[in-house]
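> Dumping the structure here so I can ask a few things about it.
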Amino acid sequence: MKLQTEVLVVGGGATGVGLVRDLSLRNIPCLLIERGDFCSGASGRNHGLFHSGGRYAVSDPEAARECIGENRILRNIAPHCIEETEGLFVSLPEDGLDFRDRFIQACQQVAIPTRLLSRDEALSLEPGLHPDLLSAVQVPDGAIDPFELVLSNAKDAEALGTRFLLHTEVTSLTINRNRVRYILARDLLHGEEYEIEASYLINATGAWADRFLRLAGFHIPMALSRGAMLITNQRFSHRVINRCRLPSDGDIIVPNHTVSILGTTSVRSEEPESVEVTSQDVSLLIQETSKMIPAIKEARLIRAYAGIRPLFQSVEKGEDRAISRGFVLIDHEKRDGIKNLMTITGGKLITYRLMAEKASDLICQKMGIKADCSTHQKPLPGAEKTRGFKDRLKALGRMDILCDCELVLKEEVEEVLKERKLYDLQDILHRTRLAKGTCQGGFCVYRLLGILHELGMAEGDSNKKLKGFLEERWKGIRPILWGSAAREEELIEGIYKGIFNLNNKE
Amino acid sequence: MQWVRHMAENMNKKAWPKHNSDLCIRCASCMAVCPVSRVTSLFPGPKHAGPGAQRFRKPGDPSVNEWIDLCIGCHLCDLVCPSGVPISELNLIARAKYLDEQGRPFRDWLLTHSYLYGKLGSRFSRILNPLLKNGIMRWIVQLLLGIDRRRELPVYDSPTFRQWFRNHLPQEGKKVAYFYGCYINTNETDVGKATVEVLEANGFEVVLPPQECCGIPMLGNGNFKEARKMALKNIPSLLQAIRSGSDLIFSSTTCGYMIRHEYSHLLNIPGSEEVARKTFDLFEYLRNLKESGNLKTRFKALQIKAAYFAPCHLRSLGIGLPALDILRLLPGLTIENVEADCCGLGGTFGFKKEKYEISQEIGNDLKEAIDRLEPEIVLTDCEGCRMQIHHLTGLKVLHPVQVLREALIP
């Protein structure tokens with residue numbers, strides 16, 4: 001199938017989707033192509049911290065300034081994606097107070113508001129904290145739901161005419177007379193081939209940025225860094241808890257709906273796909289985060305996962321236009337002589353909008369049109385919704401519940417299913433809280449298959465789909481399998497192997 | 001296989017979770033026994049209401065779970081949980097919080113504070129009893145208080161059990177202390193009398209330590225403060241009784257469960273564990289006597305066909321079915337265990353207008369199970385169960401000790 005568009009964006013993470021929203025608000029037609037589902041890369045594999053910028057205040061003030069700026073904007077445009085919890089930077093006895101003082105000063109310099117709390121004040125706010133803590137500094141951190149954020153952007157862009165090709169991979173780039181003329185792409189689920197012509201091509205593939213450019217014969221230096229995270233069965237703090245020291249392993253506990261996310265590690269990685277979590281990661285994270293909240297030592301974990309940070313290694317001499325140390329926008333016209341190719345990568349989830357704004361500005365400049373950015377003012381669809389996971393508790397006993405752990409309603413899932421065509425079980429999970437709780441889908445995915453069947457949406461080999469889902473699930477569960485989790489896993493294994501006979505080769 | 005090693009390491013690290021809802025493996029055994037969720041979808045069932053909902057509850061947040069007030073507090077979920085999650089306790093705490101926030105109607109105060117007006121009721125029983133049975137009166141009570149008019153209100157005995165005891169001829173012997181409870185004192189004095197007679201027949205001297213309501217009606221209504229108040233009133237005199245060498249006997253399994261389990265476990269009353277160690281269910285005590293060869297086992301033959309129902313609180317005590325063990329010694333008595341769970345009254349639960357239907361629906365299974373056995377009388381250790389079974393079946397319902405007394409040979 002031949003398609004034509006003004007701007008073709010490759011990559012359906014926060015950056016790419018934010019970009020098509022920005023462009024479509026400026027009335028520039030665009031098309032987004034994504035190899036998997038939305039948030040398949042780092043946008044869906046992070047700890048969901050709604051940065052105040054505090055974490056970077058000392059080491060990377062410019063990135064910190066971007067964070068606090070976007071923090072203020074997103075509170076207005078995406079309140080339904082954000083839980084405004086505040087965050088604490090906790091000093092433990094072994095950390096001393098030197099860093100704390102530097103930290104407060106650095107925050108002041110980049111206009112991050114801080115409030116110094118005594119030990120007692122901190123403990124009264126968060127009784128789970130280690131009682132020996134020295135003090136805590138409060139900053140405007142929060143928790144953000146990256147899926148909700150990206151999907152809201154996509155929804156708006158789609159309403160404005162953007163077309164999305166999900167599960168579609170770019171297979172080749174054809175360059176002729178210093179322009180990318182067209183690209184070839186293939187639908188990975190149905191095999192359909194596309195030939196897409198676009199005036200401008202934006203590489204927003206995050207950690208895959210270098211790999212994508214290799215299709216055009218270019219190379220950019222990426223420094224991929226794998227960060228592992230753990231999810232606890234219960235939420236341990238209302239606020240984000242940071243360790244008040246230079247960023248290092250296991251220094252953050254982010255609340256997220258019903259759970260807490262313990263993060264992170266940082267290991268240099270060669271492959272953007274290598275997201276395995278090792279037992280060392282698990283031990284390290286428990287050991288470090290439990291210094292801040294001791295109960296974590298005995299907490300039940302429900303999942304381990306890792307993401308790849310798409311860090312851009314260095315600024316090459318004069319050619320690249322590094323907007324900041326946080327993210328990078330490369331105009332390949334200046335760098336490689338290709339007039340209509342740009343790369344935007346690096347950065348953080350919270351700066352996605354700013355990245356999109358800068359990239360859109362560059363495109364407008366190239367197109368020679370004057371259209372102002374409005375994403376800093378225009379709320380995302382859904383912003384009027386209240387974000388209360390407690391409403392789910394209220395609905396119990398009155399509605400059909402599909403996911404016991406996260407109390408996802410049957411009608412909620414059906415709504416998502418009817419809204420658009422979803423090909424993959426995982427895609428449904430990206431759009432609801434389904435399978436994000438204690439059993440990680442063990443007890444609800446087979447119910448979901450039943451609903452798919454009822455709605456006539458169960459295309460293809462359902463056994464294969466179920467196995468695919470279970471394989472994915474297993475990757476997240478394997479590293480945390482002891483205690484209650486192991487007991488529950490035995491039961492779930494019994495259900496799938498015994499009742500559903502999934503062991504059967506046929 | 002790194003993860004296997006990791007798993008082994010963590011097993012040794014005593015990393016077993018302490019948080020109750022972390023223990024739940026979501027097997028749904030509790031869902032299969034919950035009497036409330038069996039009859040109404042308004043209550044989501046123990047798995048959701050307890051460990052499931054616990055993940056959504058945060059200490060400072062207001063309660064949103066209106067349905068939690070439908071937990072009847074039968075503890076059956078706790079009994080079947082293979083992971084040891086104290087589900088009903090989680091529910092009770094959540095209910096207490098919900099009701100503290102909502103405020104409790106005067107009706108609930110009235111239902112849970114019968115100890116304050118019971119003696120008065122006893123004194124004026126001749127005037128009061130006809131009123132309590134009167135249809136118009138019950139209609140007014142429903143209208144004003146929200147106590148369902150279809151539910152019989154307990155009538156009063158006069159004199160009270162304690163008054164009777166004061167005038168009865170004491171027998172000398174090894175002392176046992178008796179916790180009779182409010183209902184026996186003012187509404188079902190014969191159970192108390194039977195208990196005294198059976199104990200005396202076995203050579204004991206019964207003493208009645210000073211006592212107030214055990215507090216379980218308040219606790220069952222999520223009022224921890226009032227329940228604690230009652231426990232603090234009782235524990236000193238009970239402690240004194242056991243420290244003077246007596247064992248403490250209860251004939252109501254509900255009061256007994258409160259004293260033996262909840263005083264220490266939920267309410268943390270100092271001295272309660274010491275009391276608990278010396279506190280026994282009446283039939284458990286008799287069974288112990290029998291096992292040590294000290295029970296009088298010569299009985300009159302009784303040609304009665306009876307059914308026995310084990311109350312939830314008895315099951316929660318984890319002592320088997322001692323009344324059945326003893327009653328089976330009686331010649332002539334045909335007794336069968338009723339295979340049903342929870343009568344549905346749930347203490348004060350079934351009196352409440354908004355819960356009456358649920359209470360009846362739960363009870364219907366029990367009624368059918370009893371009907372199948374075609375008994376002449378039904379026996380059960382809990383006053384709540386006795387009221388409900390009589391209400392459901394119209395049959396004569398007694399405490400097992402009342403039958404045992406009949407079989408005593410003077």
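Chain identifiers are assigned as A, B, and so on, following the order in which chains appear in the structure tokens; residues are numbered from 1 within each chain, and ligands are numbered from 1 in order of appearance.
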Which residues are near B:Ser237? Cut-off 8 Å, only C-alpha atoms, ignore same chain within fewer than 4 positions. Put them as a compact mmCIF listing (two decimals) with C-alpha atoms, in the first residue's frame.

```
# COMPACT_ATOMS: atom_id res chain seq x y z
CA PRO B 209 -16.98 -13.45 89.03
CA PRO B 210 -18.22 -9.86 88.60
CA GLN B 211 -18.76 -9.39 84.88
CA LYS B 233 -13.87 -3.94 82.85
CA ALA B 241 -10.80 -15.64 89.48
```
> Residues of stretch 274-350 of chain B classed as helix (DSSP H, G or I) by DSSP on the backbone are to be reported as a ChimeraX atom specification.
/B:274-277,282-291,312-317,322-327,349-350
> I'd like the contact shell of B:Val403 - 12 Å cut-off, only C-alpha atoms, skipping same-chain residues fewer than 3 positions apart - returned as a count of residues only.
41
> Tell me, counting only C-alpha atoms, for each residue of chain A within 8 Å of chain B, which pair of atoms is nearest and how far apart they are in Å to one decimal, in rows ordered by chain and increasing number, as a tab-separated table.

```
residue	atom	partner	partner_atom	distance
A:Asn233	CA	B:Asp22	CA	6.5
A:Gln234	CA	B:Arg55	CA	5.6
A:Arg235	CA	B:Arg55	CA	7.2
A:Thr258	CA	B:Phe56	CA	5.8
A:Val259	CA	B:Arg55	CA	7.8
A:Thr278	CA	B:Gln2	CA	7.7
A:Ser279	CA	B:His6	CA	5.9
A:Lys297	CA	B:Ala15	CA	6.5
A:Glu298	CA	B:Pro17	CA	4.8
A:Ala299	CA	B:Pro17	CA	5.2
A:Arg300	CA	B:Pro17	CA	5.6
A:Phe389	CA	B:Phe56	CA	7.7
A:Lys390	CA	B:Phe56	CA	6.5
A:Asp391	CA	B:Val64	CA	7.5
A:Leu393	CA	B:Asn65	CA	6.2
A:Lys394	CA	B:Asn65	CA	5.3
A:Leu396	CA	B:Pro44	CA	6.1
A:Gly397	CA	B:Leu42	CA	4.4
A:Arg398	CA	B:Leu42	CA	6.0
A:Asp404	CA	B:His48	CA	7.0
A:Cys405	CA	B:Gly52	CA	6.0
A:Cys439	CA	B:Arg26	CA	7.7
A:Arg478	CA	B:Trp3	CA	6.7
A:Pro479	CA	B:Trp3	CA	5.6
A:Ile480	CA	B:Met7	CA	7.4
A:Leu481	CA	B:Met7	CA	6.1
A:Trp482	CA	B:Met7	CA	5.2
A:Gly483	CA	B:Trp16	CA	5.4
A:Ser484	CA	B:Leu23	CA	5.7
A:Ala485	CA	B:Ile25	CA	7.4
A:Arg487	CA	B:Ile25	CA	6.9
A:Glu488	CA	B:Ile25	CA	4.7
A:Leu491	CA	B:Cys27	CA	7.4
```
> Hey, what's within 7 Å of B:Phe179 if we count only C-alpha atoms and toss same-chain stuff fewer than 3 positions away? As a ChimeraX atom specification, please?
/B:208,248-250
> Take the residues just selected and output them with C-alpha atoms as an mmCIF file, in the first residue's frame.

```cif
data_model
loop_
_atom_site.group_PDB
_atom_site.id
_atom_site.type_symbol
_atom_site.label_atom_id
_atom_site.label_comp_id
_atom_site.auth_asym_id
_atom_site.auth_seq_id
_atom_site.Cartn_x
_atom_site.Cartn_y
_atom_site.Cartn_z
ATOM 1 C CA LEU B 208 -19.776 -16.019 89.301
ATOM 2 C CA LEU B 248 -13.123 -20.004 83.609
ATOM 3 C CA ILE B 249 -16.046 -21.596 81.775
ATOM 4 C CA PHE B 250 -18.261 -20.038 79.173
#
```
> Just asking: which residues within stretch 138-377 of chain A are strand (DSSP E or B) according to DSSP, as a PyMOL selection string?
chain A and resi 138-139+142-144+163-165+168-176+179-187+193-203+222-232+240-243+252-256+259-263+267-268+301-312+321+327-331+341-346
> Leaving out A:Ser52 and any residue of its chain fewer than 6 positions from it, which residues lie within 10 Å of it when counting only C-alpha atoms, given as a VMD selection string?
chain A and resid 64 to 72 86 to 87 107 112 to 113 139 to 142 350
> Can you tell me, as a list in words, what residues are no more than 8 Å from A:Leu97 when counting only C-alpha atoms, ignoring any on the same chain fewer than 4 positions away?
Ser91, Asp101 and Leu134 of chain A
> Give me the residues near stretch 103-120 of chain B as an mmCIF file with N, CA and C atoms, in the first residue's frame, where near means some atom within 10 Å (using only C-alpha atoms) and where sequence neighbours in that chain fewer than 3 positions away do not count.

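part07.cif, freshly written:
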```
data_model
loop_
_atom_site.group_PDB
_atom_site.id
_atom_site.type_symbol
_atom_site.label_atom_id
_atom_site.label_comp_id
_atom_site.auth_asym_id
_atom_site.auth_seq_id
_atom_site.Cartn_x
_atom_site.Cartn_y
_atom_site.Cartn_z
ATOM 1 N N LYS B 97 -13.339 1.533 60.561
ATOM 2 C CA LYS B 97 -12.935 2.834 60.029
ATOM 3 C C LYS B 97 -14.102 3.461 59.270
ATOM 4 N N TYR B 98 -14.739 2.640 58.458
ATOM 5 C CA TYR B 98 -15.876 3.140 57.672
ATOM 6 C C TYR B 98 -16.971 3.680 58.594
ATOM 7 N N LEU B 99 -17.308 2.892 59.626
ATOM 8 C CA LEU B 99 -18.399 3.298 60.513
ATOM 9 C C LEU B 99 -17.998 4.474 61.407
ATOM 10 N N ASP B 100 -16.722 4.528 61.781
ATOM 11 C CA ASP B 100 -16.255 5.685 62.555
ATOM 12 C C ASP B 100 -16.461 6.960 61.748
ATOM 13 N N ARG B 123 -36.655 -6.769 85.096
ATOM 14 C CA ARG B 123 -37.542 -6.359 86.171
ATOM 15 C C ARG B 123 -38.961 -6.069 85.658
ATOM 16 N N PHE B 124 -39.033 -5.451 84.492
ATOM 17 C CA PHE B 124 -40.339 -5.094 83.946
ATOM 18 C C PHE B 124 -40.802 -6.044 82.845
ATOM 19 N N SER B 125 -40.292 -7.280 82.924
ATOM 20 C CA SER B 125 -40.549 -8.220 81.833
ATOM 21 C C SER B 125 -42.048 -8.456 81.619
ATOM 22 N N LEU B 128 -43.095 -5.586 79.581
ATOM 23 C CA LEU B 128 -42.293 -5.416 78.365
ATOM 24 C C LEU B 128 -42.512 -6.543 77.354
ATOM 25 N N VAL B 141 -40.996 0.100 65.964
ATOM 26 C CA VAL B 141 -39.548 -0.072 66.183
ATOM 27 C C VAL B 141 -38.802 -0.041 64.852
ATOM 28 N N GLN B 142 -39.410 -0.676 63.850
ATOM 29 C CA GLN B 142 -38.769 -0.673 62.537
ATOM 30 C C GLN B 142 -38.719 0.744 61.983
ATOM 31 N N LEU B 144 -38.907 3.643 63.571
ATOM 32 C CA LEU B 144 -38.087 4.603 64.311
ATOM 33 C C LEU B 144 -36.617 4.210 64.347
ATOM 34 N N LEU B 145 -36.367 2.926 64.413
ATOM 35 C CA LEU B 145 -34.989 2.498 64.683
ATOM 36 C C LEU B 145 -34.325 1.737 63.535
ATOM 37 N N GLY B 146 -35.111 1.208 62.629
ATOM 38 C CA GLY B 146 -34.500 0.415 61.565
ATOM 39 C C GLY B 146 -34.183 -0.997 62.010
ATOM 40 N N ILE B 147 -34.915 -1.482 63.013
ATOM 41 C CA ILE B 147 -34.803 -2.898 63.387
ATOM 42 C C ILE B 147 -35.947 -3.613 62.691
ATOM 43 N N TYR B 156 -37.696 -11.000 77.974
ATOM 44 C CA TYR B 156 -36.902 -11.022 79.199
ATOM 45 C C TYR B 156 -37.404 -12.042 80.204
ATOM 46 N N ASP B 157 -36.456 -12.623 80.926
ATOM 47 C CA ASP B 157 -36.761 -13.543 82.024
ATOM 48 C C ASP B 157 -36.686 -12.767 83.330
ATOM 49 N N SER B 158 -37.472 -13.207 84.281
ATOM 50 C CA SER B 158 -37.379 -12.620 85.612
ATOM 51 C C SER B 158 -37.532 -13.737 86.638
ATOM 52 N N PRO B 159 -36.719 -13.846 87.649
ATOM 53 C CA PRO B 159 -35.577 -12.978 87.939
ATOM 54 C C PRO B 159 -34.419 -13.238 86.976
ATOM 55 N N THR B 160 -33.371 -12.440 87.083
ATOM 56 C CA THR B 160 -32.190 -12.684 86.248
ATOM 57 C C THR B 160 -31.476 -13.940 86.730
ATOM 58 N N GLY B 181 -22.563 -14.337 80.443
ATOM 59 C CA GLY B 181 -22.923 -13.399 79.365
ATOM 60 C C GLY B 181 -24.289 -12.777 79.585
ATOM 61 N N CYS B 182 -24.518 -11.636 78.942
ATOM 62 C CA CYS B 182 -25.735 -10.842 79.170
ATOM 63 C C CYS B 182 -27.007 -11.601 78.814
ATOM 64 N N TYR B 183 -26.978 -12.293 77.711
ATOM 65 C CA TYR B 183 -28.211 -12.892 77.208
ATOM 66 C C TYR B 183 -28.729 -13.965 78.150
ATOM 67 N N ASN B 185 -28.096 -14.033 81.275
ATOM 68 C CA ASN B 185 -28.482 -13.392 82.530
ATOM 69 C C ASN B 185 -29.913 -12.861 82.492
ATOM 70 N N THR B 186 -30.298 -12.274 81.380
ATOM 71 C CA THR B 186 -31.614 -11.623 81.387
ATOM 72 C C THR B 186 -32.627 -12.239 80.435
ATOM 73 N N ASN B 187 -32.189 -13.023 79.444
ATOM 74 C CA ASN B 187 -33.140 -13.497 78.454
ATOM 75 C C ASN B 187 -33.265 -15.014 78.346
ATOM 76 N N GLU B 212 -19.304 -7.954 83.091
ATOM 77 C CA GLU B 212 -20.133 -7.101 82.240
ATOM 78 C C GLU B 212 -20.209 -7.768 80.868
ATOM 79 N N CYS B 213 -20.946 -7.166 79.983
ATOM 80 C CA CYS B 213 -20.971 -7.643 78.592
ATOM 81 C C CYS B 213 -19.533 -7.844 78.108
ATOM 82 N N CYS B 214 -19.269 -8.944 77.409
ATOM 83 C CA CYS B 214 -17.908 -9.232 76.942
ATOM 84 C C CYS B 214 -17.423 -8.199 75.936
ATOM 85 N N GLY B 215 -18.350 -7.530 75.289
ATOM 86 C CA GLY B 215 -17.955 -6.493 74.320
ATOM 87 C C GLY B 215 -18.055 -6.920 72.871
ATOM 88 N N ILE B 216 -18.434 -8.177 72.620
ATOM 89 C CA ILE B 216 -18.432 -8.604 71.214
ATOM 90 C C ILE B 216 -19.493 -7.897 70.360
ATOM 91 N N PRO B 217 -20.642 -7.490 70.924
ATOM 92 C CA PRO B 217 -21.574 -6.759 70.046
ATOM 93 C C PRO B 217 -20.957 -5.463 69.519
ATOM 94 N N MET B 218 -20.214 -4.789 70.390
ATOM 95 C CA MET B 218 -19.569 -3.547 69.953
ATOM 96 C C MET B 218 -18.485 -3.858 68.933
ATOM 97 N N LEU B 219 -17.680 -4.870 69.234
ATOM 98 C CA LEU B 219 -16.596 -5.213 68.323
ATOM 99 C C LEU B 219 -17.156 -5.612 66.960
ATOM 100 N N GLY B 220 -18.208 -6.426 67.009
ATOM 101 C CA GLY B 220 -18.826 -6.870 65.758
ATOM 102 C C GLY B 220 -19.375 -5.717 64.952
ATOM 103 N N ASN B 221 -19.672 -4.619 65.621
ATOM 104 C CA ASN B 221 -20.129 -3.430 64.911
ATOM 105 C C ASN B 221 -18.988 -2.438 64.683
ATOM 106 N N GLY B 222 -17.788 -2.958 64.799
ATOM 107 C CA GLY B 222 -16.622 -2.143 64.469
ATOM 108 C C GLY B 222 -16.330 -1.048 65.469
ATOM 109 N N ASN B 223 -16.875 -1.168 66.675
ATOM 110 C CA ASN B 223 -16.627 -0.147 67.670
ATOM 111 C C ASN B 223 -15.546 -0.633 68.640
ATOM 112 N N GLU B 226 -15.445 0.996 72.381
ATOM 113 C CA GLU B 226 -16.409 0.481 73.357
ATOM 114 C C GLU B 226 -16.077 -0.967 73.733
ATOM 115 N N ALA B 227 -15.645 -1.739 72.735
ATOM 116 C CA ALA B 227 -15.305 -3.137 72.997
ATOM 117 C C ALA B 227 -14.152 -3.218 73.978
ATOM 118 N N GLY B 347 -24.953 -12.035 65.022
ATOM 119 C CA GLY B 347 -25.108 -11.154 66.186
ATOM 120 C C GLY B 347 -26.218 -10.153 65.952
ATOM 121 N N THR B 348 -25.838 -8.913 65.737
ATOM 122 C CA THR B 348 -26.849 -7.870 65.536
ATOM 123 C C THR B 348 -27.170 -7.655 64.059
ATOM 124 N N PHE B 349 -26.365 -8.254 63.180
ATOM 125 C CA PHE B 349 -26.482 -8.076 61.728
ATOM 126 C C PHE B 349 -27.917 -8.292 61.229
ATOM 127 N N PHE B 351 -30.688 -8.217 62.665
ATOM 128 C CA PHE B 351 -31.753 -7.373 63.216
ATOM 129 C C PHE B 351 -31.948 -6.100 62.387
ATOM 130 N N LYS B 352 -30.900 -5.765 61.656
ATOM 131 C CA LYS B 352 -30.913 -4.488 60.955
ATOM 132 C C LYS B 352 -31.772 -4.601 59.697
#
```
> Nearest residue to A:Arg55 out of A:Glu84, A:Met222, A:Asn178, A:Pro247, using only C-alpha atoms?
A:Pro247
> If you measure from atom CA of A:Val275 to atom CA of A:Arg309, what distance in Å do you get, rounded to one decimal?
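One can read the atom CA of A:Val275 to atom CA of A:Arg309 distance as 10.8 Å.
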> What gap, in Å, lies between atom CA of A:Lys465 and atom CA of A:Asp424?
7.8 Å
> With only C-alpha atoms as the atoms that count, which of A:Ala204, A:Val20, A:Ile33, A:Ile293 lies nearest to A:Leu133?
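Ranked by minimum distance to A:Leu133, first place goes to A:Ile293.
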> Can you work out which one of A:Thr205, A:Asn153, A:Thr432, A:Ser462 has the shortest atom-to-atom distance to A:Glu169, counting only C-alpha atoms?
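The closest residue to A:Glu169 is A:Thr205.
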